[in-house]
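> I'm passing along my_file.pdb; it holds PDB, C-alpha atoms.
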```pdb
ATOM      1  CA  MET U 137       0.000   0.000   0.000
ATOM      2  CA  ASN U 138       1.610   3.269  -1.089
ATOM      3  CA  LYS U 139       1.468   6.557   0.814
ATOM      4  CA  TRP U 140      -1.594   7.901  -1.009
ATOM      5  CA  GLU U 141      -3.545   4.681  -0.640
ATOM      6  CA  LEU U 142      -2.766   4.953   3.065
ATOM      7  CA  THR U 143      -3.818   8.610   3.170
ATOM      8  CA  ARG U 144      -7.309   7.544   2.157
ATOM      9  CA  TYR U 145      -7.757   5.787   5.529
ATOM     10  CA  LEU U 146      -6.414   8.734   7.517
ATOM     11  CA  ILE U 147      -8.751  11.166   5.753
ATOM     12  CA  ASP U 148     -11.682   8.773   6.086
ATOM     13  CA  ALA U 149     -11.033   8.836   9.840
ATOM     14  CA  LYS U 150     -10.825  12.634   9.755
ATOM     15  CA  LYS U 151     -14.215  12.821   8.049
ATOM     16  CA  CYS U 152     -15.695  10.804  10.924
ATOM     17  CA  VAL U 153     -14.587  13.626  13.220
ATOM     18  CA  ASP U 154     -16.234  16.096  10.813
ATOM     19  CA  ASN U 155     -19.447  14.080  10.994
ATOM     20  CA  ILE U 156     -19.575  14.036  14.791
ATOM     21  CA  MET U 157     -18.824  17.773  14.907
ATOM     22  CA  PHE U 158     -21.811  18.318  12.624
ATOM     23  CA  ILE U 159     -24.038  16.109  14.776
ATOM     24  CA  SER U 160     -22.989  17.992  17.907
ATOM     25  CA  LEU U 161     -23.850  21.356  16.348
ATOM     26  CA  ASN U 162     -27.183  20.138  14.962
ATOM     27  CA  ILE U 163     -28.316  17.769  17.696
ATOM     28  CA  GLU U 164     -31.712  19.453  18.149
ATOM     29  CA  SER U 165     -32.572  18.852  14.499
ATOM     30  CA  LEU U 166     -31.606  15.181  14.774
ATOM     31  CA  THR U 167     -33.485  14.140  17.909
ATOM     32  CA  ASN U 168     -35.891  11.987  15.865
ATOM     33  CA  LEU U 169     -32.972   9.793  14.790
ATOM     34  CA  LEU U 170     -31.019   7.125  16.655
ATOM     35  CA  VAL U 171     -28.140   9.546  17.188
ATOM     36  CA  ARG U 172     -26.283   7.227  19.539
ATOM     37  CA  ASP U 173     -26.151   4.517  16.858
ATOM     38  CA  ILE U 174     -25.039   7.017  14.218
ATOM     39  CA  VAL U 175     -22.226   8.313  16.415
ATOM     40  CA  ASP U 176     -21.180   4.785  17.330
ATOM     41  CA  ASP U 177     -20.915   3.898  13.647
ATOM     42  CA  LYS U 178     -18.709   6.951  13.045
ATOM     43  CA  LEU U 179     -16.518   5.980  15.987
ATOM     44  CA  ARG U 180     -16.176   2.436  14.665
ATOM     45  CA  LYS U 181     -15.002   3.717  11.284
ATOM     46  CA  PHE U 182     -12.684   6.210  12.948
ATOM     47  CA  TYR U 183     -10.834   3.648  15.048
ATOM     48  CA  ILE U 184     -10.680   0.953  12.385
ATOM     49  CA  ASN U 185      -9.227   3.417   9.870
ATOM     50  CA  LEU U 186      -6.665   4.792  12.333
ATOM     51  CA  LYS U 187      -5.525   1.276  13.184
ATOM     52  CA  VAL U 188      -4.970   0.588   9.477
ATOM     53  CA  VAL U 189      -2.680   3.627   9.326
ATOM     54  CA  TYR U 190      -0.766   2.571  12.427
ATOM     55  CA  ASP U 191      -0.365  -1.020  11.274
ATOM     56  CA  LYS U 192       0.917  -0.018   7.834
ATOM     57  CA  CYS U 193       3.260   2.721   9.045
ATOM     58  CA  ILE U 194       4.797   1.330  12.218
ATOM     59  CA  SER U 195       6.578  -1.987  12.673
ATOM     60  CA  LYS U 196       5.166  -4.623  14.976
ATOM     61  CA  GLU U 197       8.126  -4.225  17.334
ATOM     62  CA  LYS U 198       7.659  -0.451  17.546
ATOM     63  CA  ARG U 199       3.928  -0.869  18.117
ATOM     64  CA  LYS U 200       4.656  -3.079  21.127
ATOM     65  CA  ILE U 201       6.859  -0.356  22.585
ATOM     66  CA  LEU U 202       4.219   2.302  21.937
ATOM     67  CA  ALA U 203       1.558   0.160  23.603
ATOM     68  CA  ASN U 204       3.601   0.283  26.811
ATOM     69  CA  GLU U 205       4.904   3.848  26.667
ATOM     70  CA  ASP U 206       2.400   5.947  24.668
ATOM     71  CA  PHE U 207      -1.020   6.279  26.318
ATOM     72  CA  ILE U 208      -2.632   8.021  23.321
ATOM     73  CA  TYR U 209      -1.576   5.215  21.009
ATOM     74  CA  ARG U 210      -2.614   2.620  23.602
ATOM     75  CA  ASP U 211      -6.049   4.137  24.153
ATOM     76  CA  THR U 212      -6.638   4.366  20.399
ATOM     77  CA  CYS U 213      -5.787   0.709  19.894
ATOM     78  CA  THR U 214      -7.840  -0.335  22.923
ATOM     79  CA  GLU U 215     -10.956   1.218  21.407
ATOM     80  CA  ARG U 216     -10.386  -0.530  18.112
ATOM     81  CA  ASP U 217      -9.250  -3.912  19.440
ATOM     82  CA  LYS U 218     -11.389  -4.365  22.536
ATOM     83  CA  ASN U 219     -14.540  -2.549  21.437
ATOM     84  CA  TYR U 220     -14.948  -2.262  17.673
ATOM     85  CA  ALA U 221     -12.968  -5.177  16.245
ATOM     86  CA  HIS U 222     -14.043  -7.438  19.105
ATOM     87  CA  LYS U 223     -16.267  -7.110  22.147
ATOM     88  CA  ASP U 224     -13.983  -7.999  25.020
ATOM     89  CA  ASP U 225     -15.668  -8.801  28.321
ATOM     90  CA  ASN U 226     -13.227  -6.594  30.231
ATOM     91  CA  TYR U 227     -13.768  -3.518  28.045
ATOM     92  CA  ILE U 228     -15.276  -0.504  29.832
ATOM     93  CA  SER U 229     -16.269   2.480  27.728
ATOM     94  CA  SER U 230     -15.206   6.018  28.596
ATOM     95  CA  ASP U 231     -17.733   8.489  29.960
ATOM     96  CA  PHE U 232     -18.209  11.776  28.123
ATOM     97  CA  ASN U 233     -20.442  14.677  29.085
ATOM     98  CA  SER U 234     -20.982  15.852  25.522
ATOM     99  CA  LEU U 235     -20.195  15.147  21.893
ATOM    100  CA  ASN U 236     -17.824  18.109  22.003
ATOM    101  CA  GLU U 237     -15.699  16.171  24.490
ATOM    102  CA  VAL U 238     -15.757  13.162  22.153
ATOM    103  CA  VAL U 239     -14.630  15.360  19.266
ATOM    104  CA  GLU U 240     -11.715  16.787  21.238
ATOM    105  CA  VAL U 241     -10.494  13.294  22.158
ATOM    106  CA  LEU U 242     -10.779  12.143  18.541
ATOM    107  CA  LYS U 243      -8.813  15.158  17.339
ATOM    108  CA  ILE U 244      -6.030  14.431  19.816
ATOM    109  CA  ARG U 245      -5.861  10.803  18.715
ATOM    110  CA  ILE U 246      -5.867  11.401  14.968
ATOM    111  CA  ILE U 247      -3.345  14.264  15.188
ATOM    112  CA  HIS U 248      -1.124  11.991  17.287
ATOM    113  CA  CYS U 249      -1.423   9.252  14.648
ATOM    114  CA  PHE U 250      -0.588  11.791  11.941
ATOM    115  CA  GLU U 251       2.527  12.909  13.824
ATOM    116  CA  LEU U 252       3.740   9.369  14.537
ATOM    117  CA  CYS U 253       3.188   8.230  10.956
ATOM    118  CA  LYS U 254       4.029  11.348   8.952
ATOM    119  CA  ASP U 255       7.286   9.886   7.597
ATOM    120  CA  LYS U 256       5.191   7.270   5.769
ATOM    121  CA  LEU U 257       2.563   9.741   4.574
ATOM    122  CA  PRO U 258       2.703  12.431   1.860
ATOM    123  CA  ASP U 259       4.325  15.630   3.086
ATOM    124  CA  VAL U 260       1.593  17.803   1.531
ATOM    125  CA  ILE U 261      -1.474  16.527   3.381
ATOM    126  CA  THR U 262      -3.263  18.452   6.125
ATOM    127  CA  LEU U 263      -5.958  17.592   8.645
ATOM    128  CA  ASP U 264      -8.674  20.180   8.051
ATOM    129  CA  PHE U 265     -11.547  19.622  10.476
ATOM    130  CA  ILE U 266     -14.911  20.922   9.257
ATOM    131  CA  ASP U 267     -18.323  20.382  10.821
ATOM    132  CA  TYR U 268     -20.099  18.507   8.056
ATOM    133  CA  ASP U 269     -21.986  15.311   7.252
ATOM    134  CA  ARG U 270     -23.255  15.108   3.670
ATOM    135  CA  ASP U 271     -26.192  12.785   4.400
ATOM    136  CA  LEU U 272     -27.389  14.448   7.594
ATOM    137  CA  TYR U 273     -27.105  17.875   5.984
ATOM    138  CA  ARG U 274     -29.499  16.734   3.262
ATOM    139  CA  LEU U 275     -31.843  15.194   5.813
ATOM    140  CA  ILE U 276     -32.009  18.313   7.995
ATOM    141  CA  ASN U 277     -32.574  20.591   5.011
ATOM    142  CA  GLY U 278     -35.088  18.359   3.231
ATOM    143  CA  ILE U 279     -32.929  17.979   0.133
ATOM    144  CA  ASN U 280     -34.097  14.992  -1.920
ATOM    145  CA  TYR U 281     -32.668  13.946  -5.281
ATOM    146  CA  ALA U 282     -34.828  16.342  -7.330
ATOM    147  CA  LYS U 283     -34.021  19.294  -5.063
ATOM    148  CA  GLU U 284     -30.309  18.493  -5.162
ATOM    149  CA  GLN U 285     -30.325  18.408  -8.963
ATOM    150  CA  GLU U 286     -32.046  21.787  -8.999
ATOM    151  CA  LEU U 287     -29.517  23.300  -6.592
ATOM    152  CA  MET U 288     -26.546  21.856  -8.493
ATOM    153  CA  LYS U 289     -27.795  23.320 -11.764
ATOM    154  CA  GLN U 290     -28.260  26.720 -10.111
ATOM    155  CA  GLN U 291     -24.662  26.674  -8.930
ATOM    156  CA  HIS U 292     -23.147  24.980 -11.993
ATOM    157  CA  PRO U 293     -25.049  25.756 -15.227
ATOM    158  CA  HIS U 294     -23.298  22.948 -17.158
ATOM    159  CA  TYR U 295     -23.842  20.361 -14.433
ATOM    160  CA  GLY U 296     -24.637  16.977 -16.012
ATOM    161  CA  ASP U 297     -23.405  17.853 -19.507
ATOM    162  CA  ASN U 298     -21.355  15.038 -21.082
ATOM    163  CA  SER U 299     -20.581  13.633 -17.654
ATOM    164  CA  ASP U 300     -19.470  10.272 -19.071
ATOM    165  CA  PHE U 301     -16.813  11.695 -21.380
ATOM    166  CA  VAL U 302     -13.481  13.507 -21.168
ATOM    167  CA  SER U 303     -11.327  15.204 -23.771
ATOM    168  CA  ASP U 304      -7.821  14.041 -24.694
ATOM    169  CA  GLY U 305      -7.078  17.436 -26.259
ATOM    170  CA  ASN U 306      -8.461  16.637 -29.682
ATOM    171  CA  ASN U 307     -11.279  14.167 -29.287
ATOM    172  CA  VAL U 308     -13.937  13.309 -26.770
ATOM    173  CA  VAL U 309     -13.346   9.796 -25.463
ATOM    174  CA  ALA U 310     -15.168   7.491 -23.058
ATOM    175  CA  LYS U 311     -13.405   6.711 -19.777
ATOM    176  CA  LYS U 312     -14.168   4.491 -16.829
ATOM    177  CA  VAL U 313     -14.479   6.389 -13.555
ATOM    178  CA  PHE U 314     -12.093   5.555 -10.710
ATOM    179  CA  TYR U 315     -14.290   5.782  -7.619
ATOM    180  CA  ASP U 316     -12.435   3.904  -4.886
ATOM    181  CA  THR U 317      -8.710   3.705  -4.155
ATOM    182  CA  GLU U 318      -9.043   0.024  -3.229
ATOM    183  CA  ASP U 319      -9.976  -0.674  -6.866
ATOM    184  CA  ILE U 320      -6.418   0.170  -7.965
ATOM    185  CA  LYS U 321      -5.534  -3.483  -7.422
ATOM    186  CA  LYS U 322      -7.896  -4.425 -10.271
ATOM    187  CA  ILE U 323      -6.587  -1.933 -12.825
ATOM    188  CA  SER U 324      -3.952  -2.843 -15.383
ATOM    189  CA  LYS U 325      -4.264   0.178 -17.722
ATOM    190  CA  VAL U 326      -4.650   3.436 -15.825
ATOM    191  CA  GLU U 327      -5.104   5.322 -19.118
ATOM    192  CA  ASP U 328      -8.543   3.737 -19.414
ATOM    193  CA  TYR U 329      -9.689   5.552 -16.268
ATOM    194  CA  THR U 330     -10.375   9.053 -15.077
ATOM    195  CA  VAL U 331     -11.254  10.769 -11.795
ATOM    196  CA  ILE U 332     -14.207  13.118 -11.423
ATOM    197  CA  LEU U 333     -13.618  16.083  -9.128
ATOM    198  CA  ASN U 334     -16.920  16.977  -7.501
ATOM    199  CA  ALA U 335     -17.588  20.527  -6.358
ATOM    200  CA  GLY U 336     -20.093  19.226  -3.825
ATOM    201  CA  LEU U 337     -23.471  20.607  -2.897
ATOM    202  CA  THR U 338     -22.087  22.917  -0.212
ATOM    203  CA  VAL U 339     -18.860  24.745   0.543
ATOM    204  CA  ARG U 340     -17.849  22.289   3.254
ATOM    205  CA  GLU U 341     -18.784  19.292   1.149
ATOM    206  CA  GLY U 342     -16.640  20.729  -1.620
ATOM    207  CA  ILE U 343     -13.590  20.667   0.660
ATOM    208  CA  GLN U 344     -14.118  16.996   1.463
ATOM    209  CA  GLU U 345     -14.824  16.133  -2.177
ATOM    210  CA  MET U 346     -11.735  17.925  -3.491
ATOM    211  CA  GLN U 347      -9.446  16.221  -0.982
ATOM    212  CA  ASP U 348     -10.969  12.815  -1.757
ATOM    213  CA  GLY U 349     -10.563  13.550  -5.469
ATOM    214  CA  CYS U 350      -6.907  14.465  -5.005
ATOM    215  CA  ILE U 351      -6.308  11.164  -3.224
ATOM    216  CA  ARG U 352      -7.893   9.201  -6.087
ATOM    217  CA  ILE U 353      -5.900  11.129  -8.703
ATOM    218  CA  ASN U 354      -2.657  10.531  -6.816
ATOM    219  CA  VAL U 355      -3.332   6.825  -6.400
ATOM    220  CA  LEU U 356      -4.337   6.366 -10.036
ATOM    221  CA  PHE U 357      -1.748   8.574 -11.751
ATOM    222  CA  ASN U 358       1.069   8.619  -9.180
ATOM    223  CA  GLN U 359       0.765  12.361  -8.546
ATOM    224  CA  ASN U 360       1.195  14.470  -5.404
ATOM    225  CA  MET U 361      -1.793  16.841  -5.416
ATOM    226  CA  TRP U 362      -3.593  18.232  -2.389
ATOM    227  CA  ALA U 363      -6.318  20.800  -1.734
ATOM    228  CA  THR U 364      -6.053  22.884   1.428
ATOM    229  CA  PRO U 365      -8.960  25.205   2.231
ATOM    230  CA  ASN U 366      -8.392  28.861   2.965
ATOM    231  CA  MET U 367     -10.386  29.055   6.178
ATOM    232  CA  ASP U 368     -10.471  32.866   6.131
ATOM    233  CA  VAL U 369     -12.236  32.737   2.771
ATOM    234  CA  ILE U 370     -14.506  29.937   3.970
ATOM    235  CA  ASN U 371     -15.557  31.945   7.036
ATOM    236  CA  GLU U 372     -16.191  35.038   4.934
ATOM    237  CA  MET U 373     -18.333  32.980   2.575
ATOM    238  CA  LYS U 374     -20.275  31.585   5.530
ATOM    239  CA  LYS U 375     -20.973  35.118   6.734
ATOM    240  CA  MET U 376     -22.067  36.232   3.261
ATOM    241  CA  ILE U 377     -24.435  33.288   2.877
ATOM    242  CA  GLU U 378     -25.956  33.911   6.327
ATOM    243  CA  GLU U 379     -26.570  37.540   5.362
ATOM    244  CA  HIS U 380     -27.956  36.660   1.919
ATOM    245  CA  PRO U 381     -29.891  33.368   2.218
ATOM    246  CA  GLU U 382     -31.376  33.901  -1.252
ATOM    247  CA  LEU U 383     -28.004  33.029  -2.828
ATOM    248  CA  PRO U 384     -27.865  29.518  -4.331
ATOM    249  CA  PHE U 385     -24.493  28.738  -2.725
ATOM    250  CA  LEU U 386     -24.881  26.604   0.351
ATOM    251  CA  TYR U 387     -22.588  26.392   3.371
TER     252      TYR U 387
END
```
Step by step, read the file and then write its structure as structure tokens.

Amino acid sequence: MNKWELTRYLIDAKKCVDNIMFISLNIESLTNLLVRDIVDDKLRKFYINLKVVYDKCISKEKRKILANEDFIYRDTCTERDKNYAHKDDNYISSDFNSLNEVVEVLKIRIIHCFELCKDKLPDVITLDFIDYDRDLYRLINGINYAKEQELMKQQHPHYGDNSDFVSDGNNVVAKKVFYDTEDIKKISKVEDYTVILNAGLTVREGIQEMQDGCIRINVLFNQNMWATPNMDVINEMKKMIEEHPELPFLY
């Protein structure tokens, strides 16, 4: 597994933190859902993905040392091994007073993983935490498929045009779409594939989509691209949208 294939699992874990941040900020709008189950699923994905990164980046011997000397590493692995990968009888869950406390612990653990493993990861990647969950955002705002198509066309007038084709400079040619980095094992001719960069329905979704797209491009074409949001611009855009809700651009 190369460094960009591995990055996929780190960023997938980061997005779980994003999701729980979003849930925490919108908990009143989600009280009709089984929020505890949703959060637990995000936590499961978070810890399983982080353990993949640790296992691929750090030798077994070094992991044994860390388990004895590094409490952040040890606690991370305990959650994955004793709770989510198995259900050990002696496992006792931690008590938290709020989802904000959960988020802060997750941030500490993923940043620690990033620091311990950075020599095996691309030097351009960043951990950009944003409060967003694409599915729950749509649920809260009543955005079904038809509404989403309408909003996308308002924001991107050419949305949907020739979406199955790309240009090689002279001709329009059909390409297969590379959706998942794990599919790289099945591909023998990368020139038959392309990656679609999605702008996303909202500003925050666009950040996640662009970073995911960069990972797929790098895995497929052996590149070193990354998209880092300018948070000052993002915050200004948030303010503008709050002041002008009639604009079709969603935060």
> When you look at stretch 172-175 of chain U with a cut-off of 12 Å (counting all atoms listed in the file), what residues show up, excluding the ones that are within fewer than 2 positions of it in the same chain? I need them as a PyMOL selection string.
chain U and resi 152-160+163+166-170+177-182+234-235+238-239+269+271-272
> Show me as a PyMOL selection string the residues that reach within 7 Å of (-9.0, 16.6, -4.2), counting all atoms listed in the file and using the file's own coordinates.
chain U and resi 333+345-351+362-363
> For U:Lys150, which residue among U:Val189, U:Val241, U:Val309, U:Leu263 is the nearest when counting only C-alpha atoms?
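So, comparing all the options, the nearest one is U:Leu263.
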> How many Å separate atom CA of U:Asp319 from atom CA of U:Asn138?
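For atom CA of U:Asp319 relative to atom CA of U:Asn138, the distance reads 13.5 Å.
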> So that I can see what lies close to U:Lys192, please list as an mmCIF file with C-alpha atoms, in the coordinates of the input the residues with an atom at most 12 Å from it, counting all atoms listed in the file and leaving out residues fewer than 4 positions away in the same chain.

```
data_model
loop_
_atom_site.group_PDB
_atom_site.id
_atom_site.type_symbol
_atom_site.label_atom_id
_atom_site.label_comp_id
_atom_site.auth_asym_id
_atom_site.auth_seq_id
_atom_site.Cartn_x
_atom_site.Cartn_y
_atom_site.Cartn_z
ATOM 1 C CA MET U 137 0.000 0.000 0.000
ATOM 2 C CA ASN U 138 1.610 3.269 -1.089
ATOM 3 C CA LYS U 139 1.468 6.557 0.814
ATOM 4 C CA GLU U 141 -3.545 4.681 -0.640
ATOM 5 C CA LEU U 142 -2.766 4.953 3.065
ATOM 6 C CA THR U 143 -3.818 8.610 3.170
ATOM 7 C CA TYR U 145 -7.757 5.787 5.529
ATOM 8 C CA LEU U 146 -6.414 8.734 7.517
ATOM 9 C CA ASN U 185 -9.227 3.417 9.870
ATOM 10 C CA LEU U 186 -6.665 4.792 12.333
ATOM 11 C CA LYS U 187 -5.525 1.276 13.184
ATOM 12 C CA VAL U 188 -4.970 0.588 9.477
ATOM 13 C CA LYS U 196 5.166 -4.623 14.976
ATOM 14 C CA LYS U 198 7.659 -0.451 17.546
ATOM 15 C CA ARG U 199 3.928 -0.869 18.117
ATOM 16 C CA CYS U 249 -1.423 9.252 14.648
ATOM 17 C CA LEU U 252 3.740 9.369 14.537
ATOM 18 C CA CYS U 253 3.188 8.230 10.956
ATOM 19 C CA LYS U 254 4.029 11.348 8.952
ATOM 20 C CA ASP U 255 7.286 9.886 7.597
ATOM 21 C CA LYS U 256 5.191 7.270 5.769
ATOM 22 C CA LEU U 257 2.563 9.741 4.574
#
```
> With distances taken over all atoms listed in the file, which of U:Asp328, U:Glu372, U:Asp264, U:Asp316 is nearest to U:Ile343?
U:Asp264
> Fewer than 6 positions away in the same chain doesn't count, so skip those; otherwise give me all residues within 10 Å of U:Ala203, counting only C-alpha atoms, as a VMD selection string.
chain U and resid 209 to 214
> Would you mind exporting C-alpha atoms of the selected residues as a compact mmCIF listing (two decimals), in the frame of the given file?

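Output file result.txt follows:
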```
# COMPACT_ATOMS: atom_id res chain seq x y z
CA TYR U 209 -1.58 5.22 21.01
CA ARG U 210 -2.61 2.62 23.60
CA ASP U 211 -6.05 4.14 24.15
CA THR U 212 -6.64 4.37 20.40
CA CYS U 213 -5.79 0.71 19.89
CA THR U 214 -7.84 -0.34 22.92
```
> What does the distance from atom CA of U:Asp206 to atom CA of U:Lys223 come to in Å, to one decimal?
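Going from atom CA of U:Asp206 over to atom CA of U:Lys223, I get 22.9 Å.
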> Using all atoms listed in the file, which of the listed residues (U:Tyr190, U:Phe250, U:Tyr227, U:Tyr183) sits closest to U:Thr262?
U:Phe250
> For stretch 315-331 of chain U in the structure I just supplied, write out N, CA and C atoms - as a PDB file, in the first residue's frame.

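This went into result.pdb:
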```pdb
ATOM      1  N   TYR U 315     -13.529   5.315  -8.769  1.00  0.00           N
ATOM      2  CA  TYR U 315     -14.290   5.782  -7.619  1.00  0.00           C
ATOM      3  C   TYR U 315     -13.625   5.492  -6.276  1.00  0.00           C
ATOM      4  N   ASP U 316     -12.900   4.381  -6.182  1.00  0.00           N
ATOM      5  CA  ASP U 316     -12.435   3.904  -4.886  1.00  0.00           C
ATOM      6  C   ASP U 316     -10.973   3.497  -4.993  1.00  0.00           C
ATOM      7  N   THR U 317     -10.142   4.000  -4.086  1.00  0.00           N
ATOM      8  CA  THR U 317      -8.710   3.705  -4.155  1.00  0.00           C
ATOM      9  C   THR U 317      -8.424   2.206  -4.041  1.00  0.00           C
ATOM     10  N   GLU U 318      -9.287   1.467  -3.361  1.00  0.00           N
ATOM     11  CA  GLU U 318      -9.043   0.024  -3.229  1.00  0.00           C
ATOM     12  C   GLU U 318      -9.170  -0.700  -4.571  1.00  0.00           C
ATOM     13  N   ASP U 319      -9.831  -0.062  -5.548  1.00  0.00           N
ATOM     14  CA  ASP U 319      -9.976  -0.674  -6.866  1.00  0.00           C
ATOM     15  C   ASP U 319      -8.686  -0.639  -7.685  1.00  0.00           C
ATOM     16  N   ILE U 320      -7.667   0.073  -7.210  1.00  0.00           N
ATOM     17  CA  ILE U 320      -6.418   0.170  -7.965  1.00  0.00           C
ATOM     18  C   ILE U 320      -5.800  -1.207  -8.181  1.00  0.00           C
ATOM     19  N   LYS U 321      -6.076  -2.131  -7.287  1.00  0.00           N
ATOM     20  CA  LYS U 321      -5.534  -3.483  -7.422  1.00  0.00           C
ATOM     21  C   LYS U 321      -6.087  -4.212  -8.645  1.00  0.00           C
ATOM     22  N   LYS U 322      -7.242  -3.759  -9.145  1.00  0.00           N
ATOM     23  CA  LYS U 322      -7.896  -4.425 -10.271  1.00  0.00           C
ATOM     24  C   LYS U 322      -7.528  -3.808 -11.620  1.00  0.00           C
ATOM     25  N   ILE U 323      -6.810  -2.704 -11.603  1.00  0.00           N
ATOM     26  CA  ILE U 323      -6.587  -1.933 -12.825  1.00  0.00           C
ATOM     27  C   ILE U 323      -5.218  -2.236 -13.416  1.00  0.00           C
ATOM     28  N   SER U 324      -5.212  -2.582 -14.686  1.00  0.00           N
ATOM     29  CA  SER U 324      -3.952  -2.843 -15.383  1.00  0.00           C
ATOM     30  C   SER U 324      -3.556  -1.689 -16.299  1.00  0.00           C
ATOM     31  N   LYS U 325      -4.545  -0.944 -16.821  1.00  0.00           N
ATOM     32  CA  LYS U 325      -4.264   0.178 -17.722  1.00  0.00           C
ATOM     33  C   LYS U 325      -4.914   1.439 -17.154  1.00  0.00           C
ATOM     34  N   VAL U 326      -4.105   2.241 -16.472  1.00  0.00           N
ATOM     35  CA  VAL U 326      -4.650   3.436 -15.825  1.00  0.00           C
ATOM     36  C   VAL U 326      -5.175   4.440 -16.850  1.00  0.00           C
ATOM     37  N   GLU U 327      -4.650   4.381 -18.091  1.00  0.00           N
ATOM     38  CA  GLU U 327      -5.104   5.322 -19.118  1.00  0.00           C
ATOM     39  C   GLU U 327      -6.558   5.115 -19.515  1.00  0.00           C
ATOM     40  N   ASP U 328      -7.134   3.989 -19.122  1.00  0.00           N
ATOM     41  CA  ASP U 328      -8.543   3.737 -19.414  1.00  0.00           C
ATOM     42  C   ASP U 328      -9.470   4.402 -18.398  1.00  0.00           C
ATOM     43  N   TYR U 329      -8.889   5.023 -17.373  1.00  0.00           N
ATOM     44  CA  TYR U 329      -9.689   5.552 -16.268  1.00  0.00           C
ATOM     45  C   TYR U 329      -9.505   7.058 -16.100  1.00  0.00           C
ATOM     46  N   THR U 330     -10.456   7.645 -15.437  1.00  0.00           N
ATOM     47  CA  THR U 330     -10.375   9.053 -15.077  1.00  0.00           C
ATOM     48  C   THR U 330     -10.960   9.241 -13.688  1.00  0.00           C
ATOM     49  N   VAL U 331     -10.713  10.413 -13.106  1.00  0.00           N
ATOM     50  CA  VAL U 331     -11.254  10.769 -11.795  1.00  0.00           C
ATOM     51  C   VAL U 331     -12.126  12.006 -11.957  1.00  0.00           C
TER      52      VAL U 331
END
```
